[in-house]
Amino acid sequence: MPVHDRSSFENIYAGQPRWEIGRPQKALLDVADRITGSVLDAGCGTGENALFFASRGQTVTGIDFLAEPVEWARRKADEWGLTATFLVMDALALKELPEVFDSAIDSGLFHVFGDEDRRRYVEGLASVLKPGGRLFLLCFSDEEPGDQGPRRVSRKEIEDAFAEGWVVERVEPSRYEVRPDPNDSSFADGGPRAWFVVARRAG
Ligand SMILES: C[S@@+](CC[C@H](N)C(=O)[O-])C[C@H]1O[C@@H](n2cnc3c(N)ncnc32)[C@H](O)[C@@H]1O
């Protein structure tokens, strides 16, 4: 089961990442009105999703463990005249972030982690979300065939990951939009099958 580490992401960013679609993910746009207040974007990449919420006047912090996409996100913010904070930071160290947020988004990060790191990541998310705050998460689904790309995640794994301290409000089939690649037909037409998850921090 593939789990992506830092060097695999560095290699992918040396080329053209399939997730670099040049716009926010549709699954997040569809619920944008529910993603309120201050927003943490965990694994923000080059910031398309984070900057969308910044463009709505929200206070946004994006974190990614690689400097290159973070610098790219900062450049986009400058060019587009938007204010957002982008930090080079490991999402497994979220507990060290001295800030709490009303909302968090995760587009393509959760499915990167192995079981133990997944637990640590979810604990970190709980520590940076205000009680009642919501996490909006898009991850590869076990309904996506093949093993190209990240780990596939089942509905039960999502429910288990957020069983304590969270209320899972929604787990529904969705798509993770990717750039078309005529030389690579590994993903389902329309983008890899994904789960769109809304989980509320209990409290
Ligand atoms: C599939 S990409 C998605 C990027 C962006 N969220 C999007 O949807 O366009 C996953 C991102 O998570 C970052 N990442 C992976 N593991 C991470 C970790 N432990 N901490 C912070 N960022 C991580 C990668 O560098 C990459 O930018």
# chains A, B, ... in the order shown; residues from 1 in each chain; ligands from 1

$ residues_around --residues "stretch 39-50 of chain A" --least-positions-apart "4" --cutoff "9 Å" --atoms "only C-alpha atoms" --output "ChimeraX atom specification"
/A:20-25,28-29,35,54-55,58-66,68-74,76-77,84,86,89-91,100-110,125,128-129

$ select_by_dssp --residues "stretch 44-175 of chain A" --states "strand (DSSP E)" --output "ChimeraX atom specification"
/A:60-64,85-88,101-107,129-140,166-175

$ closest_residue --among "A:Ala93, A:Ala14, A:Val122, A:Ala188" --to "ligand 1" --atoms "only C-alpha atoms and all ligand atoms"
A:Ala93

$ closest_residue --among "A:Arg56, A:Lys156, A:Arg120, A:Lys130" --to "A:Leu82" --atoms "only C-alpha atoms"
A:Arg56

$ closest_residue --among "A:Glu164, A:Leu135, A:Val178, A:Ser185" --to "ligand 1" --atoms "only C-alpha atoms and all ligand atoms"
A:Val178

$ select_by_dssp --residues "chain A" --states "helix (DSSP H, G or I)" --output "ChimeraX atom specification"
/A:6-14,26-29,32-34,48-55,67-80,91-96,110-112,115-128,155-161

$ residues_around --residues "A:Trp166" --least-positions-apart "6" --cutoff "9 Å" --atoms "only C-alpha atoms" --output "VMD selection string"
chain A and resid 126 199 to 203

$ residues_around --residues "A:Pro192" --least-positions-apart "3" --cutoff "8 Å" --atoms "only C-alpha atoms" --output "PyMOL selection string"
chain A and resi 140-141+144+175-178+187-189

$ write_last_selection --atoms "C-alpha atoms" --output "short mmCIF file (atom, residue, chain, number, x, y, z; two decimals), in the first residue's frame"
data_model
loop_
_atom_site.label_atom_id
_atom_site.label_comp_id
_atom_site.auth_asym_id
_atom_site.auth_seq_id
_atom_site.Cartn_x
_atom_site.Cartn_y
_atom_site.Cartn_z
CA PHE A 140 -8.92 8.86 -2.22
CA SER A 141 -11.62 6.25 -1.80
CA GLU A 144 -10.84 3.92 -6.87
CA ARG A 175 -13.99 13.06 -6.92
CA TYR A 176 -10.50 14.40 -6.39
CA GLU A 177 -9.93 16.51 -9.47
CA VAL A 178 -6.60 15.96 -11.23
CA PHE A 187 -7.28 7.11 -12.67
CA ALA A 188 -11.02 6.80 -13.24
CA ASP A 189 -12.47 9.22 -15.81
#

$ atom_distance --atom1 "atom CA of A:Leu92" --atom2 "atom CA of A:Ser174"
25.5 Å

$ decode --residues "stretch 30-44 of chain A" --atoms "all heavy atoms" --output "PDB file, in the first residue's frame"
ATOM      1  N   ASP A  30     -18.216  23.475  -3.618  1.00  0.00           N
ATOM      2  CA  ASP A  30     -19.638  23.138  -3.440  1.00  0.00           C
ATOM      3  C   ASP A  30     -20.146  23.441  -2.035  1.00  0.00           C
ATOM      4  O   ASP A  30     -21.340  23.616  -1.840  1.00  0.00           O
ATOM      5  CB  ASP A  30     -19.870  21.650  -3.749  1.00  0.00           C
ATOM      6  CG  ASP A  30     -19.799  21.361  -5.242  1.00  0.00           C
ATOM      7  OD1 ASP A  30     -19.837  22.322  -6.040  1.00  0.00           O
ATOM      8  OD2 ASP A  30     -19.695  20.163  -5.609  1.00  0.00           O
ATOM      9  N   VAL A  31     -19.236  23.447  -1.045  1.00  0.00           N
ATOM     10  CA  VAL A  31     -19.679  23.696   0.339  1.00  0.00           C
ATOM     11  C   VAL A  31     -19.015  24.958   0.898  1.00  0.00           C
ATOM     12  O   VAL A  31     -18.970  25.148   2.127  1.00  0.00           O
ATOM     13  CB  VAL A  31     -19.369  22.500   1.268  1.00  0.00           C
ATOM     14  CG1 VAL A  31     -20.124  21.261   0.852  1.00  0.00           C
ATOM     15  CG2 VAL A  31     -17.886  22.229   1.334  1.00  0.00           C
ATOM     16  N   ALA A  32     -18.530  25.802  -0.001  1.00  0.00           N
ATOM     17  CA  ALA A  32     -17.730  26.960   0.439  1.00  0.00           C
ATOM     18  C   ALA A  32     -18.461  27.792   1.497  1.00  0.00           C
ATOM     19  O   ALA A  32     -17.825  28.290   2.442  1.00  0.00           O
ATOM     20  CB  ALA A  32     -17.369  27.820  -0.764  1.00  0.00           C
ATOM     21  N   ASP A  33     -19.769  27.908   1.373  1.00  0.00           N
ATOM     22  CA  ASP A  33     -20.494  28.750   2.329  1.00  0.00           C
ATOM     23  C   ASP A  33     -20.490  28.170   3.739  1.00  0.00           C
ATOM     24  O   ASP A  33     -20.785  28.869   4.700  1.00  0.00           O
ATOM     25  CB  ASP A  33     -21.945  28.960   1.866  1.00  0.00           C
ATOM     26  CG  ASP A  33     -21.989  29.903   0.666  1.00  0.00           C
ATOM     27  OD1 ASP A  33     -20.956  30.563   0.389  1.00  0.00           O
ATOM     28  OD2 ASP A  33     -23.037  29.953  -0.003  1.00  0.00           O
ATOM     29  N   ARG A  34     -20.195  26.874   3.836  1.00  0.00           N
ATOM     30  CA  ARG A  34     -20.161  26.245   5.172  1.00  0.00           C
ATOM     31  C   ARG A  34     -18.759  26.316   5.788  1.00  0.00           C
ATOM     32  O   ARG A  34     -18.579  25.998   6.962  1.00  0.00           O
ATOM     33  CB  ARG A  34     -20.600  24.785   5.079  1.00  0.00           C
ATOM     34  CG  ARG A  34     -22.053  24.646   4.622  1.00  0.00           C
ATOM     35  CD  ARG A  34     -22.547  23.247   4.871  1.00  0.00           C
ATOM     36  NE  ARG A  34     -22.542  22.919   6.286  1.00  0.00           N
ATOM     37  CZ  ARG A  34     -22.337  21.691   6.768  1.00  0.00           C
ATOM     38  NH1 ARG A  34     -22.113  20.690   5.957  1.00  0.00           N
ATOM     39  NH2 ARG A  34     -22.366  21.475   8.067  1.00  0.00           N
ATOM     40  N   ILE A  35     -17.789  26.685   4.971  1.00  0.00           N
ATOM     41  CA  ILE A  35     -16.401  26.742   5.472  1.00  0.00           C
ATOM     42  C   ILE A  35     -16.170  28.177   5.955  1.00  0.00           C
ATOM     43  O   ILE A  35     -15.725  29.042   5.203  1.00  0.00           O
ATOM     44  CB  ILE A  35     -15.414  26.290   4.381  1.00  0.00           C
ATOM     45  CG1 ILE A  35     -15.806  24.889   3.891  1.00  0.00           C
ATOM     46  CG2 ILE A  35     -13.976  26.320   4.899  1.00  0.00           C
ATOM     47  CD1 ILE A  35     -14.949  24.334   2.770  1.00  0.00           C
ATOM     48  N   THR A  36     -16.516  28.387   7.204  1.00  0.00           N
ATOM     49  CA  THR A  36     -16.638  29.758   7.713  1.00  0.00           C
ATOM     50  C   THR A  36     -15.464  30.122   8.631  1.00  0.00           C
ATOM     51  O   THR A  36     -14.752  29.254   9.130  1.00  0.00           O
ATOM     52  CB  THR A  36     -17.954  29.907   8.504  1.00  0.00           C
ATOM     53  OG1 THR A  36     -18.000  28.854   9.469  1.00  0.00           O
ATOM     54  CG2 THR A  36     -19.160  29.800   7.591  1.00  0.00           C
ATOM     55  N   GLY A  37     -15.312  31.429   8.823  1.00  0.00           N
ATOM     56  CA  GLY A  37     -14.339  31.933   9.794  1.00  0.00           C
ATOM     57  C   GLY A  37     -12.909  31.700   9.348  1.00  0.00           C
ATOM     58  O   GLY A  37     -12.607  31.634   8.157  1.00  0.00           O
ATOM     59  N   SER A  38     -12.038  31.569  10.351  1.00  0.00           N
ATOM     60  CA  SER A  38     -10.627  31.343  10.040  1.00  0.00           C
ATOM     61  C   SER A  38     -10.446  29.898   9.548  1.00  0.00           C
ATOM     62  O   SER A  38     -11.124  28.977  10.021  1.00  0.00           O
ATOM     63  CB  SER A  38      -9.768  31.610  11.273  1.00  0.00           C
ATOM     64  OG  SER A  38     -10.211  30.816  12.346  1.00  0.00           O
ATOM     65  N   VAL A  39      -9.532  29.728   8.600  1.00  0.00           N
ATOM     66  CA  VAL A  39      -9.387  28.426   7.937  1.00  0.00           C
ATOM     67  C   VAL A  39      -7.931  27.969   7.989  1.00  0.00           C
ATOM     68  O   VAL A  39      -7.021  28.729   7.634  1.00  0.00           O
ATOM     69  CB  VAL A  39      -9.818  28.510   6.450  1.00  0.00           C
ATOM     70  CG1 VAL A  39      -9.649  27.158   5.759  1.00  0.00           C
ATOM     71  CG2 VAL A  39     -11.261  28.995   6.310  1.00  0.00           C
ATOM     72  N   LEU A  40      -7.726  26.724   8.396  1.00  0.00           N
ATOM     73  CA  LEU A  40      -6.424  26.071   8.268  1.00  0.00           C
ATOM     74  C   LEU A  40      -6.484  25.142   7.062  1.00  0.00           C
ATOM     75  O   LEU A  40      -7.409  24.326   6.964  1.00  0.00           O
ATOM     76  CB  LEU A  40      -6.102  25.240   9.514  1.00  0.00           C
ATOM     77  CG  LEU A  40      -4.856  24.360   9.376  1.00  0.00           C
ATOM     78  CD1 LEU A  40      -3.588  25.205   9.389  1.00  0.00           C
ATOM     79  CD2 LEU A  40      -4.801  23.306  10.478  1.00  0.00           C
ATOM     80  N   ASP A  41      -5.529  25.254   6.147  1.00  0.00           N
ATOM     81  CA  ASP A  41      -5.427  24.313   5.022  1.00  0.00           C
ATOM     82  C   ASP A  41      -4.213  23.427   5.277  1.00  0.00           C
ATOM     83  O   ASP A  41      -3.067  23.876   5.164  1.00  0.00           O
ATOM     84  CB  ASP A  41      -5.290  25.086   3.699  1.00  0.00           C
ATOM     85  CG  ASP A  41      -5.253  24.151   2.486  1.00  0.00           C
ATOM     86  OD1 ASP A  41      -5.236  22.916   2.681  1.00  0.00           O
ATOM     87  OD2 ASP A  41      -5.238  24.656   1.349  1.00  0.00           O
ATOM     88  N   ALA A  42      -4.466  22.180   5.647  1.00  0.00           N
ATOM     89  CA  ALA A  42      -3.382  21.246   5.976  1.00  0.00           C
ATOM     90  C   ALA A  42      -2.918  20.543   4.706  1.00  0.00           C
ATOM     91  O   ALA A  42      -3.722  19.926   4.007  1.00  0.00           O
ATOM     92  CB  ALA A  42      -3.865  20.233   7.005  1.00  0.00           C
ATOM     93  N   GLY A  43      -1.617  20.648   4.396  1.00  0.00           N
ATOM     94  CA  GLY A  43      -1.089  20.091   3.142  1.00  0.00           C
ATOM     95  C   GLY A  43      -1.548  20.946   1.978  1.00  0.00           C
ATOM     96  O   GLY A  43      -2.083  20.459   0.985  1.00  0.00           O
ATOM     97  N   CYS A  44      -1.272  22.246   2.102  1.00  0.00           N
ATOM     98  CA  CYS A  44      -1.892  23.240   1.187  1.00  0.00           C
ATOM     99  C   CYS A  44      -1.315  23.218  -0.213  1.00  0.00           C
ATOM    100  O   CYS A  44      -1.899  23.811  -1.132  1.00  0.00           O
ATOM    101  CB  CYS A  44      -1.761  24.638   1.775  1.00  0.00           C
ATOM    102  SG  CYS A  44      -0.037  25.164   1.974  1.00  0.00           S
TER     103      CYS A  44
END
